[in-house]
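Heads up: the structure comes next, in structure tokens.
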Protein chains: 2
Amino acid sequence: MRVSQIGRMKCPVARTLSIVGDPWTLLIIRELFLRSRRFEEFQGYTGMAPYLLTARLKQLAKDGVLERRAYQQRPRRYEYRLTDKGLDLYPLVVAMAQWGDRWMADAAGPPLKLVHKHCGLHSAPGLNCPECGEAVGPRDMQTEMQPVMLADRARMWKRFKRQTRAA
Amino acid sequence: MRVSQIGRMKCPVARTLSIVGDPWTLLIIRELFLRSRRFEEFQGYTGMAPYLLTARLKQLAKDGVLERRAYQQRPRRYEYRLTDKGLDLYPLVVAMAQWGDRWMADAAGPPLKLVHKHCGLHSAPGLNCPECGEAVGPRDMQTEMQPVMLADRARMWKRFKRQTRAA
DNA sequence: TTAGTTACTTCAATATTTGAAGTTACTGAG
DNA sequence: CTCAGTAACTTCAAATATTGAAGTAACTAA
């Protein structure tokens with residue numbers, strides 16, 4: 001299977017990966033949340049090749065994660081901004097930031113602080129149940145694959161077994 | 001800059017990306033949360049080439065995200081399990097699943113349901129402030145880059161400007 | 001003896017990424 | 001009017017990574 005086919009899986013994680021499952025793409029999204037707007041800023045702060053940056057920005061615009069718009073005419077210059085769809089990636093970025101702080105920290109301390117504007121708490125937000133408010137981890141949740149996903153996985157498994165038998 | 005250098009940035013998001021910023025890697029992690037344990041399962045349910053799977057599993061074990069251990073001798077067979085470091089990626093996976101459900105859904109309905117064992121709620125958990133309990137989005141948080149990160153970004157910007165001037 | 005299982009490895013063809021350099025369309029200084 | 005500067009790209013060849021198909025190793029069970 002090709003990377004480009006991942007989005008066809010009947011799985012919400014795979015579908016998300018098909019759009020933001022690439023390190024450069026996620027760095028661009030980080031930059032957008034850090035308020036970078038321009039091509040040059042993305043290039044400078046991520047270090048990626050301009051060719052790749054162009055390709056990724058184009059794809060992200062196509063996917064509706066960001067919007068490209070001219071911020072001046074003559075010479076025409078563009079800026080890039082997160083759409084609502086893009087802004088909704090916030091939990092994903094926060095989850096990455098938290099994990100990095102917890103497991104990849106160095107002596108210099110956390111490079112980034114998140115402050116809740118309302119209560120002033122200096123700490124990263126965590127996952128909570130919207131009903132009872134409790135903090136949740138993997139042990140607290142039961143994962144139930146629905147028929148559509150089970151069928152898709154059965155199909156993949158069958159295909160895999162067919163292929164290995166053929167060899 | 002190369003993808004392999006991303007982890008050197010003084011940014012928790014970049015550091016996390018250096019370990020799980022790859023679509024195949026994240027699919028493996030999804031599988032682990034779906035209780036897949038064996039090489040064959042990863043191969044079958046992700047569709048990835050065995051060569052790549054070997055490489056990714058080796059790297060993830062090296063990074064401490066999962067553990068490889070023999071579940072039988074003669075013939076020796078291995079299984080892979082998330083470590084605490086790996087289990088702590090749960091918010092990331094949940095964030096991807098939620099975003100996929102919200103923005104990439106199709107008529108068949110959500111492929112995956114998460115049930116909070118304690119209160120029985122069928123819904124995905126969201127990001128909340130650990131202090132005041134409020135749900136938080138990008139507008140509710142203030143992002144403060146610390147000196148170590150600002151310095152690193154200044155260095156990257158300078159390098160970028162130097163390079164473009166040279167051309 | 002033969003087929004089957006599981007966990008890989010090898011390889012050549014194909015695709016993507018990288019780094020360096022070049023292009024376009026302007027503005028503002030001298 | 002010319003020349004340096006800026007922002008946003010494009011082009012290209014070389015290096016690197018992925019793909020799909022096939023093969024291997026070490027067993028077990030019929």
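By order in the structure tokens, chains are A, B, ...; within a chain, residues start at 1; ligands start at 1, following the order shown.
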
Can you give me chain B superposed onto chain A, least-squares on all Cα in order, written as a compact mmCIF listing (two decimals) with N, CA and C atoms, in the first residue's frame?
```
# COMPACT_ATOMS: atom_id res chain seq x y z
N MET B 1 0.88 -1.16 -0.06
CA MET B 1 0.05 0.05 -0.02
C MET B 1 0.92 1.30 0.01
N ARG B 2 0.44 2.33 -0.66
CA ARG B 2 1.20 3.58 -0.67
C ARG B 2 0.72 4.52 0.41
N VAL B 3 1.61 5.38 0.85
CA VAL B 3 1.28 6.37 1.86
C VAL B 3 0.04 7.15 1.41
N SER B 4 -0.02 7.45 0.12
CA SER B 4 -1.13 8.26 -0.38
C SER B 4 -2.48 7.56 -0.32
N GLN B 5 -2.48 6.27 -0.02
CA GLN B 5 -3.74 5.53 0.06
C GLN B 5 -4.28 5.43 1.48
N ILE B 6 -3.47 5.88 2.44
CA ILE B 6 -3.85 5.73 3.84
C ILE B 6 -5.22 6.34 4.14
N GLY B 7 -5.49 7.47 3.48
CA GLY B 7 -6.74 8.17 3.75
C GLY B 7 -8.00 7.41 3.33
N ARG B 8 -7.83 6.35 2.58
CA ARG B 8 -8.99 5.56 2.15
C ARG B 8 -9.48 4.60 3.23
N MET B 9 -8.64 4.36 4.22
CA MET B 9 -9.05 3.44 5.29
C MET B 9 -10.25 4.02 6.03
N LYS B 10 -11.11 3.15 6.46
CA LYS B 10 -12.27 3.60 7.22
C LYS B 10 -11.88 3.69 8.70
N CYS B 11 -11.05 4.69 8.96
CA CYS B 11 -10.52 4.91 10.30
C CYS B 11 -10.21 6.39 10.44
N PRO B 12 -10.74 7.02 11.48
CA PRO B 12 -10.55 8.47 11.61
C PRO B 12 -9.09 8.85 11.80
N VAL B 13 -8.31 7.98 12.44
CA VAL B 13 -6.90 8.28 12.64
C VAL B 13 -6.18 8.28 11.29
N ALA B 14 -6.45 7.27 10.49
CA ALA B 14 -5.82 7.18 9.17
C ALA B 14 -6.20 8.36 8.29
N ARG B 15 -7.46 8.75 8.36
CA ARG B 15 -7.91 9.89 7.54
C ARG B 15 -7.20 11.16 7.95
N THR B 16 -7.03 11.35 9.24
CA THR B 16 -6.32 12.53 9.72
C THR B 16 -4.87 12.48 9.26
N LEU B 17 -4.28 11.30 9.36
CA LEU B 17 -2.90 11.12 8.94
C LEU B 17 -2.70 11.45 7.46
N SER B 18 -3.70 11.16 6.66
CA SER B 18 -3.56 11.42 5.23
C SER B 18 -3.42 12.93 4.97
N ILE B 19 -3.82 13.74 5.92
CA ILE B 19 -3.71 15.19 5.74
C ILE B 19 -2.57 15.80 6.54
N VAL B 20 -2.40 15.36 7.77
CA VAL B 20 -1.33 15.95 8.59
C VAL B 20 -0.32 14.92 9.09
N GLY B 21 -0.16 13.82 8.38
CA GLY B 21 0.75 12.78 8.83
C GLY B 21 2.12 12.90 8.19
N ASP B 22 2.69 14.05 8.28
CA ASP B 22 3.99 14.28 7.66
C ASP B 22 4.72 15.31 8.51
N PRO B 23 5.99 15.09 8.80
CA PRO B 23 6.68 16.00 9.72
C PRO B 23 6.70 17.45 9.24
N TRP B 24 6.95 17.68 7.96
CA TRP B 24 7.00 19.08 7.48
C TRP B 24 5.64 19.75 7.59
N THR B 25 4.61 19.00 7.25
CA THR B 25 3.25 19.54 7.35
C THR B 25 2.94 19.94 8.78
N LEU B 26 3.31 19.10 9.71
CA LEU B 26 3.01 19.40 11.11
C LEU B 26 3.85 20.57 11.62
N LEU B 27 5.06 20.70 11.10
CA LEU B 27 5.85 21.87 11.48
C LEU B 27 5.21 23.16 10.96
N ILE B 28 4.67 23.10 9.76
CA ILE B 28 3.96 24.27 9.22
C ILE B 28 2.78 24.62 10.13
N ILE B 29 2.06 23.60 10.56
CA ILE B 29 0.91 23.84 11.43
C ILE B 29 1.34 24.39 12.79
N ARG B 30 2.44 23.86 13.30
CA ARG B 30 2.98 24.44 14.53
C ARG B 30 3.24 25.93 14.33
N GLU B 31 3.90 26.27 13.23
CA GLU B 31 4.21 27.66 12.94
C GLU B 31 2.96 28.52 12.87
N LEU B 32 1.92 27.99 12.27
CA LEU B 32 0.68 28.75 12.17
C LEU B 32 0.12 29.05 13.56
N PHE B 33 0.21 28.06 14.46
CA PHE B 33 -0.27 28.29 15.82
C PHE B 33 0.66 29.25 16.58
N LEU B 34 1.90 29.34 16.14
CA LEU B 34 2.84 30.31 16.73
C LEU B 34 2.74 31.66 16.03
N ARG B 35 1.73 31.80 15.18
CA ARG B 35 1.42 33.07 14.51
C ARG B 35 2.30 33.40 13.32
N SER B 36 3.01 32.45 12.78
CA SER B 36 3.68 32.69 11.50
C SER B 36 2.62 32.71 10.41
N ARG B 37 2.83 33.59 9.43
CA ARG B 37 1.82 33.74 8.37
C ARG B 37 2.42 33.66 6.99
N ARG B 38 3.72 33.95 6.90
CA ARG B 38 4.29 34.11 5.56
C ARG B 38 5.25 33.01 5.16
N PHE B 39 5.32 32.83 3.85
CA PHE B 39 6.19 31.82 3.24
C PHE B 39 7.59 31.85 3.85
N GLU B 40 8.14 33.03 3.90
CA GLU B 40 9.49 33.21 4.41
C GLU B 40 9.63 32.74 5.87
N GLU B 41 8.62 33.03 6.66
CA GLU B 41 8.67 32.61 8.06
C GLU B 41 8.66 31.09 8.18
N PHE B 42 7.79 30.47 7.40
CA PHE B 42 7.74 29.00 7.44
C PHE B 42 9.09 28.43 7.03
N GLN B 43 9.63 29.00 5.97
CA GLN B 43 10.91 28.50 5.47
C GLN B 43 12.02 28.69 6.51
N GLY B 44 12.08 29.87 7.06
CA GLY B 44 13.13 30.18 8.03
C GLY B 44 13.03 29.38 9.31
N TYR B 45 11.83 29.27 9.85
CA TYR B 45 11.68 28.63 11.16
C TYR B 45 11.54 27.11 11.11
N THR B 46 11.27 26.57 9.93
CA THR B 46 11.24 25.10 9.84
C THR B 46 12.51 24.57 9.18
N GLY B 47 13.14 25.40 8.34
CA GLY B 47 14.34 24.95 7.64
C GLY B 47 14.06 24.08 6.43
N MET B 48 12.80 24.01 6.04
CA MET B 48 12.49 23.13 4.91
C MET B 48 12.79 23.78 3.56
N ALA B 49 12.98 22.93 2.55
CA ALA B 49 13.26 23.42 1.20
C ALA B 49 12.03 24.12 0.63
N PRO B 50 12.25 25.22 -0.08
CA PRO B 50 11.12 26.00 -0.59
C PRO B 50 10.22 25.19 -1.53
N TYR B 51 10.80 24.30 -2.27
CA TYR B 51 10.03 23.43 -3.15
C TYR B 51 9.00 22.62 -2.37
N LEU B 52 9.47 22.07 -1.27
CA LEU B 52 8.58 21.26 -0.43
C LEU B 52 7.53 22.14 0.24
N LEU B 53 7.96 23.30 0.69
CA LEU B 53 7.03 24.21 1.36
C LEU B 53 5.89 24.58 0.42
N THR B 54 6.22 24.92 -0.79
CA THR B 54 5.20 25.24 -1.79
C THR B 54 4.21 24.08 -1.94
N ALA B 55 4.77 22.90 -2.09
CA ALA B 55 3.92 21.71 -2.30
C ALA B 55 3.01 21.48 -1.10
N ARG B 56 3.57 21.60 0.10
CA ARG B 56 2.77 21.34 1.30
C ARG B 56 1.69 22.40 1.50
N LEU B 57 2.05 23.66 1.30
CA LEU B 57 1.06 24.72 1.47
C LEU B 57 -0.09 24.55 0.48
N LYS B 58 0.25 24.20 -0.74
CA LYS B 58 -0.77 23.99 -1.76
C LYS B 58 -1.72 22.87 -1.34
N GLN B 59 -1.13 21.79 -0.86
CA GLN B 59 -1.96 20.65 -0.45
C GLN B 59 -2.84 20.99 0.75
N LEU B 60 -2.26 21.69 1.71
CA LEU B 60 -3.03 22.06 2.90
C LEU B 60 -4.18 23.01 2.55
N ALA B 61 -3.94 23.88 1.59
CA ALA B 61 -5.01 24.77 1.15
C ALA B 61 -6.12 23.96 0.47
N LYS B 62 -5.70 23.02 -0.34
CA LYS B 62 -6.65 22.14 -1.03
C LYS B 62 -7.48 21.33 -0.03
N ASP B 63 -6.82 20.93 1.04
CA ASP B 63 -7.51 20.14 2.07
C ASP B 63 -8.34 21.00 3.02
N GLY B 64 -8.28 22.32 2.83
CA GLY B 64 -9.10 23.20 3.65
C GLY B 64 -8.56 23.47 5.05
N VAL B 65 -7.29 23.16 5.28
CA VAL B 65 -6.70 23.38 6.60
C VAL B 65 -6.23 24.83 6.74
N LEU B 66 -5.76 25.40 5.64
CA LEU B 66 -5.37 26.80 5.67
C LEU B 66 -5.86 27.51 4.42
N GLU B 67 -5.79 28.84 4.49
CA GLU B 67 -6.22 29.69 3.38
C GLU B 67 -5.05 30.52 2.92
N ARG B 68 -4.89 30.61 1.63
CA ARG B 68 -3.86 31.47 1.06
C ARG B 68 -4.57 32.74 0.61
N ARG B 69 -4.07 33.86 1.08
CA ARG B 69 -4.68 35.09 0.56
C ARG B 69 -3.67 36.22 0.44
N ALA B 70 -3.90 37.05 -0.57
CA ALA B 70 -2.99 38.16 -0.85
C ALA B 70 -3.14 39.20 0.25
N TYR B 71 -2.03 39.61 0.83
CA TYR B 71 -2.10 40.67 1.82
C TYR B 71 -1.65 42.00 1.21
N GLN B 72 -1.16 41.94 -0.03
CA GLN B 72 -0.91 43.18 -0.77
C GLN B 72 -0.86 42.87 -2.26
N GLN B 73 -1.22 43.87 -3.05
CA GLN B 73 -1.07 43.80 -4.49
C GLN B 73 0.24 44.53 -4.79
N ARG B 74 0.74 44.39 -6.01
CA ARG B 74 1.95 45.07 -6.50
C ARG B 74 3.01 45.36 -5.45
N PRO B 75 3.96 44.50 -5.29
CA PRO B 75 3.93 43.14 -5.83
C PRO B 75 2.98 42.27 -5.02
N ARG B 76 2.38 41.33 -5.69
CA ARG B 76 1.45 40.44 -5.03
C ARG B 76 2.18 39.60 -3.99
N ARG B 77 1.68 39.64 -2.78
CA ARG B 77 2.26 38.84 -1.70
C ARG B 77 1.15 38.09 -0.99
N TYR B 78 1.50 36.90 -0.54
CA TYR B 78 0.47 36.06 0.08
C TYR B 78 0.76 35.77 1.54
N GLU B 79 -0.30 35.52 2.27
CA GLU B 79 -0.13 35.02 3.62
C GLU B 79 -1.04 33.80 3.78
N TYR B 80 -0.74 33.02 4.80
CA TYR B 80 -1.46 31.76 5.01
C TYR B 80 -2.04 31.78 6.41
N ARG B 81 -3.32 31.39 6.51
CA ARG B 81 -3.99 31.41 7.81
C ARG B 81 -4.80 30.14 8.00
N LEU B 82 -4.84 29.69 9.22
CA LEU B 82 -5.63 28.51 9.53
C LEU B 82 -7.12 28.80 9.33
N THR B 83 -7.80 27.86 8.75
CA THR B 83 -9.26 27.91 8.69
C THR B 83 -9.80 27.33 10.00
N ASP B 84 -11.11 27.24 10.13
CA ASP B 84 -11.68 26.60 11.32
C ASP B 84 -11.23 25.14 11.40
N LYS B 85 -11.19 24.52 10.24
CA LYS B 85 -10.72 23.13 10.19
C LYS B 85 -9.28 23.03 10.72
N GLY B 86 -8.47 23.99 10.34
CA GLY B 86 -7.09 24.02 10.80
C GLY B 86 -6.98 24.35 12.29
N LEU B 87 -7.75 25.34 12.72
CA LEU B 87 -7.73 25.72 14.14
C LEU B 87 -8.12 24.54 15.03
N ASP B 88 -8.95 23.69 14.47
CA ASP B 88 -9.43 22.55 15.24
C ASP B 88 -8.34 21.48 15.43
N LEU B 89 -7.17 21.71 14.83
CA LEU B 89 -6.04 20.80 15.06
C LEU B 89 -5.32 21.14 16.37
N TYR B 90 -5.82 22.15 17.05
CA TYR B 90 -5.15 22.59 18.28
C TYR B 90 -4.90 21.47 19.29
N PRO B 91 -5.88 20.63 19.59
CA PRO B 91 -5.62 19.55 20.55
C PRO B 91 -4.47 18.64 20.13
N LEU B 92 -4.34 18.44 18.82
CA LEU B 92 -3.26 17.61 18.31
C LEU B 92 -1.90 18.25 18.59
N VAL B 93 -1.81 19.52 18.32
CA VAL B 93 -0.55 20.24 18.54
C VAL B 93 -0.22 20.31 20.03
N VAL B 94 -1.23 20.57 20.84
CA VAL B 94 -1.01 20.61 22.28
C VAL B 94 -0.57 19.24 22.80
N ALA B 95 -1.18 18.19 22.28
CA ALA B 95 -0.79 16.84 22.69
C ALA B 95 0.68 16.57 22.35
N MET B 96 1.10 17.00 21.18
CA MET B 96 2.51 16.82 20.80
C MET B 96 3.42 17.63 21.71
N ALA B 97 3.03 18.86 21.97
CA ALA B 97 3.85 19.73 22.82
C ALA B 97 4.00 19.12 24.22
N GLN B 98 2.91 18.61 24.75
CA GLN B 98 2.96 18.04 26.09
C GLN B 98 3.85 16.82 26.15
N TRP B 99 3.68 15.97 25.16
CA TRP B 99 4.46 14.74 25.14
C TRP B 99 5.96 15.07 25.01
N GLY B 100 6.25 16.03 24.17
CA GLY B 100 7.64 16.47 24.01
C GLY B 100 8.20 17.00 25.33
N ASP B 101 7.40 17.78 26.04
CA ASP B 101 7.86 18.32 27.32
C ASP B 101 8.08 17.22 28.34
N ARG B 102 7.21 16.24 28.31
CA ARG B 102 7.32 15.19 29.31
C ARG B 102 8.44 14.20 29.03
N TRP B 103 8.60 13.84 27.74
CA TRP B 103 9.50 12.73 27.43
C TRP B 103 10.77 13.11 26.69
N MET B 104 10.82 14.32 26.19
CA MET B 104 11.99 14.70 25.40
C MET B 104 12.63 15.99 25.93
N ALA B 105 12.38 16.26 27.20
CA ALA B 105 12.88 17.51 27.78
C ALA B 105 14.39 17.48 27.92
N ASP B 106 14.99 18.65 27.99
CA ASP B 106 16.41 18.71 28.34
C ASP B 106 16.57 19.66 29.53
N ALA B 107 17.80 19.86 29.94
CA ALA B 107 18.07 20.64 31.15
C ALA B 107 17.57 22.08 31.05
N ALA B 108 17.42 22.59 29.85
CA ALA B 108 17.05 23.99 29.67
C ALA B 108 15.61 24.30 30.08
N GLY B 109 14.84 23.27 30.42
CA GLY B 109 13.45 23.51 30.82
C GLY B 109 12.53 23.62 29.62
N PRO B 110 11.22 23.69 29.85
CA PRO B 110 10.25 23.71 28.75
C PRO B 110 10.42 24.95 27.87
N PRO B 111 10.52 24.73 26.56
CA PRO B 111 10.74 25.84 25.64
C PRO B 111 9.48 26.70 25.44
N LEU B 112 8.33 26.14 25.82
CA LEU B 112 7.06 26.77 25.50
C LEU B 112 6.16 26.70 26.72
N LYS B 113 5.49 27.81 27.03
CA LYS B 113 4.52 27.77 28.11
C LYS B 113 3.15 28.15 27.59
N LEU B 114 2.14 27.41 28.05
CA LEU B 114 0.77 27.71 27.66
C LEU B 114 0.05 28.24 28.89
N VAL B 115 -0.55 29.39 28.75
CA VAL B 115 -1.26 30.00 29.87
C VAL B 115 -2.74 30.09 29.53
N HIS B 116 -3.55 29.55 30.42
CA HIS B 116 -4.99 29.66 30.22
C HIS B 116 -5.40 31.10 30.53
N LYS B 117 -5.90 31.80 29.53
CA LYS B 117 -6.23 33.22 29.69
C LYS B 117 -7.25 33.45 30.80
N HIS B 118 -8.17 32.51 30.93
CA HIS B 118 -9.25 32.71 31.87
C HIS B 118 -8.83 32.57 33.32
N CYS B 119 -8.07 31.51 33.62
CA CYS B 119 -7.71 31.31 35.02
C CYS B 119 -6.23 31.56 35.30
N GLY B 120 -5.47 31.78 34.26
CA GLY B 120 -4.06 32.11 34.47
C GLY B 120 -3.14 30.94 34.75
N LEU B 121 -3.66 29.71 34.69
CA LEU B 121 -2.81 28.58 35.01
C LEU B 121 -1.73 28.34 33.96
N HIS B 122 -0.50 28.22 34.44
CA HIS B 122 0.62 27.89 33.57
C HIS B 122 0.77 26.39 33.50
N SER B 123 0.13 25.78 32.57
CA SER B 123 0.25 24.34 32.44
C SER B 123 -0.51 23.95 31.20
N ALA B 124 -0.15 22.82 30.66
CA ALA B 124 -0.83 22.40 29.44
C ALA B 124 -2.12 21.68 29.80
N PRO B 125 -3.15 21.90 29.01
CA PRO B 125 -4.42 21.24 29.27
C PRO B 125 -4.36 19.76 28.94
N GLY B 126 -5.20 19.01 29.59
CA GLY B 126 -5.23 17.56 29.38
C GLY B 126 -6.57 17.09 28.88
N LEU B 127 -6.64 15.78 28.66
CA LEU B 127 -7.84 15.16 28.12
C LEU B 127 -8.84 14.88 29.25
N ASN B 128 -10.06 15.37 29.08
CA ASN B 128 -11.09 15.12 30.09
C ASN B 128 -12.38 14.63 29.45
N CYS B 129 -13.10 13.84 30.20
CA CYS B 129 -14.41 13.38 29.74
C CYS B 129 -15.38 14.58 29.77
N PRO B 130 -16.06 14.84 28.66
CA PRO B 130 -16.94 16.00 28.60
C PRO B 130 -18.18 15.84 29.50
N GLU B 131 -18.49 14.61 29.86
CA GLU B 131 -19.67 14.36 30.69
C GLU B 131 -19.36 14.52 32.19
N CYS B 132 -18.40 13.71 32.65
CA CYS B 132 -18.15 13.72 34.09
C CYS B 132 -16.93 14.58 34.47
N GLY B 133 -16.20 15.07 33.46
CA GLY B 133 -15.10 15.97 33.76
C GLY B 133 -13.80 15.32 34.20
N GLU B 134 -13.84 14.02 34.41
CA GLU B 134 -12.63 13.32 34.85
C GLU B 134 -11.52 13.32 33.79
N ALA B 135 -10.27 13.37 34.26
CA ALA B 135 -9.14 13.21 33.35
C ALA B 135 -9.15 11.78 32.83
N VAL B 136 -8.88 11.58 31.56
CA VAL B 136 -8.91 10.23 31.02
C VAL B 136 -7.59 9.84 30.35
N GLY B 137 -7.24 8.58 30.56
CA GLY B 137 -6.08 7.97 29.92
C GLY B 137 -6.54 6.74 29.16
N PRO B 138 -5.59 6.04 28.53
CA PRO B 138 -5.95 4.88 27.72
C PRO B 138 -6.69 3.79 28.50
N ARG B 139 -6.37 3.65 29.79
CA ARG B 139 -7.02 2.61 30.59
C ARG B 139 -8.48 2.94 30.91
N ASP B 140 -8.85 4.20 30.79
CA ASP B 140 -10.19 4.62 31.20
C ASP B 140 -11.21 4.53 30.08
N MET B 141 -10.72 4.29 28.88
CA MET B 141 -11.64 4.30 27.75
C MET B 141 -11.73 2.92 27.13
N GLN B 142 -12.94 2.63 26.65
CA GLN B 142 -13.12 1.40 25.90
C GLN B 142 -13.29 1.79 24.44
N THR B 143 -12.55 1.10 23.58
CA THR B 143 -12.57 1.43 22.17
C THR B 143 -13.46 0.43 21.44
N GLU B 144 -14.49 0.94 20.81
CA GLU B 144 -15.42 0.04 20.10
C GLU B 144 -15.40 0.32 18.61
N MET B 145 -14.82 -0.63 17.87
CA MET B 145 -14.83 -0.48 16.42
C MET B 145 -16.23 -0.79 15.90
N GLN B 146 -16.71 0.08 15.04
CA GLN B 146 -18.04 -0.10 14.47
C GLN B 146 -17.96 -1.02 13.24
N PRO B 147 -19.09 -1.57 12.80
CA PRO B 147 -19.08 -2.51 11.68
C PRO B 147 -18.34 -2.01 10.45
N VAL B 148 -18.48 -0.74 10.12
CA VAL B 148 -17.84 -0.21 8.93
C VAL B 148 -16.31 -0.35 9.01
N MET B 149 -15.78 -0.14 10.19
CA MET B 149 -14.34 -0.25 10.38
C MET B 149 -13.91 -1.71 10.43
N LEU B 150 -14.68 -2.51 11.13
CA LEU B 150 -14.36 -3.94 11.22
C LEU B 150 -14.34 -4.58 9.83
N ALA B 151 -15.30 -4.20 9.00
CA ALA B 151 -15.37 -4.76 7.65
C ALA B 151 -14.15 -4.35 6.84
N ASP B 152 -13.76 -3.09 6.99
CA ASP B 152 -12.62 -2.59 6.24
C ASP B 152 -11.34 -3.31 6.66
N ARG B 153 -11.22 -3.54 7.94
CA ARG B 153 -10.04 -4.25 8.44
C ARG B 153 -10.04 -5.70 8.00
N ALA B 154 -11.19 -6.30 7.98
CA ALA B 154 -11.30 -7.69 7.52
C ALA B 154 -10.86 -7.78 6.05
N ARG B 155 -11.27 -6.79 5.27
CA ARG B 155 -10.91 -6.74 3.86
C ARG B 155 -9.39 -6.61 3.71
N MET B 156 -8.79 -5.73 4.51
CA MET B 156 -7.34 -5.55 4.44
C MET B 156 -6.60 -6.81 4.83
N TRP B 157 -7.11 -7.46 5.86
CA TRP B 157 -6.46 -8.68 6.34
C TRP B 157 -6.51 -9.78 5.27
N LYS B 158 -7.65 -9.88 4.65
CA LYS B 158 -7.83 -10.89 3.61
C LYS B 158 -6.87 -10.65 2.45
N ARG B 159 -6.79 -9.40 2.05
CA ARG B 159 -5.91 -9.03 0.95
C ARG B 159 -4.45 -9.37 1.29
N PHE B 160 -4.08 -9.07 2.51
CA PHE B 160 -2.73 -9.35 2.98
C PHE B 160 -2.45 -10.85 2.96
N LYS B 161 -3.40 -11.64 3.43
CA LYS B 161 -3.22 -13.09 3.48
C LYS B 161 -3.16 -13.68 2.07
N ARG B 162 -3.98 -13.15 1.20
CA ARG B 162 -3.99 -13.61 -0.18
C ARG B 162 -2.62 -13.37 -0.81
N GLN B 163 -2.08 -12.19 -0.57
CA GLN B 163 -0.78 -11.83 -1.14
C GLN B 163 0.34 -12.72 -0.64
N THR B 164 0.33 -12.98 0.66
CA THR B 164 1.43 -13.79 1.20
C THR B 164 1.33 -15.24 0.75
N ARG B 165 0.12 -15.71 0.58
CA ARG B 165 -0.04 -17.08 0.07
C ARG B 165 0.48 -17.19 -1.35
N ALA B 166 0.23 -16.15 -2.16
CA ALA B 166 0.63 -16.18 -3.56
C ALA B 166 2.14 -16.31 -3.72
N ALA B 167 2.89 -15.75 -2.79
CA ALA B 167 4.36 -15.75 -2.93
C ALA B 167 4.97 -17.12 -2.69
```

At a cut-off of 9 Å, list the chain D residues touching chain A, using only C-alpha atoms (C1' of nucleotides), as a count of residues only. 10

For chain B, the nearest of the candidates C:DA13, C:DA3, C:DA29, C:DC8, counting only C-alpha atoms (C1' of nucleotides): C:DC8

May I have the residues within 10 Å of DT16 in chain D as a count of residues only, using only C-alpha atoms (C1' of nucleotides) and disregarding those fewer than 4 positions away in the same chain? 3

Can you check which residues of chain C have any atom within 12 Å of chain B? Use only C-alpha atoms (C1' of nucleotides) and format it as a PyMOL selection string. chain C and resi 5-11+17-22

Select from chain B everything DSSP, run on the backbone, classes as alpha helix (DSSP H), then give the selection as a PyMOL selection string. chain B and resi 12-20+23-33+39-46+50-62+84-87+90-103+147-166

Between C1' of DT11 in chain D and C1' of DT23 in chain C - distance in Å to one decimal: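 Going from C1' of DT23 in chain C over to C1' of DT11 in chain D covers 9.2 Å.
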
Separation of C1' of DG4 in chain C from C1' of DA26 in chain D in Å: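 Between these atoms lies a distance of 12.7 Å.
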
Can you list every residue in range 24-139 of chain B that DSSP puts in strand (DSSP E or B), as number ranges by chain? B: 66-72, 77-82, 112-116, 122, 126-128, 135
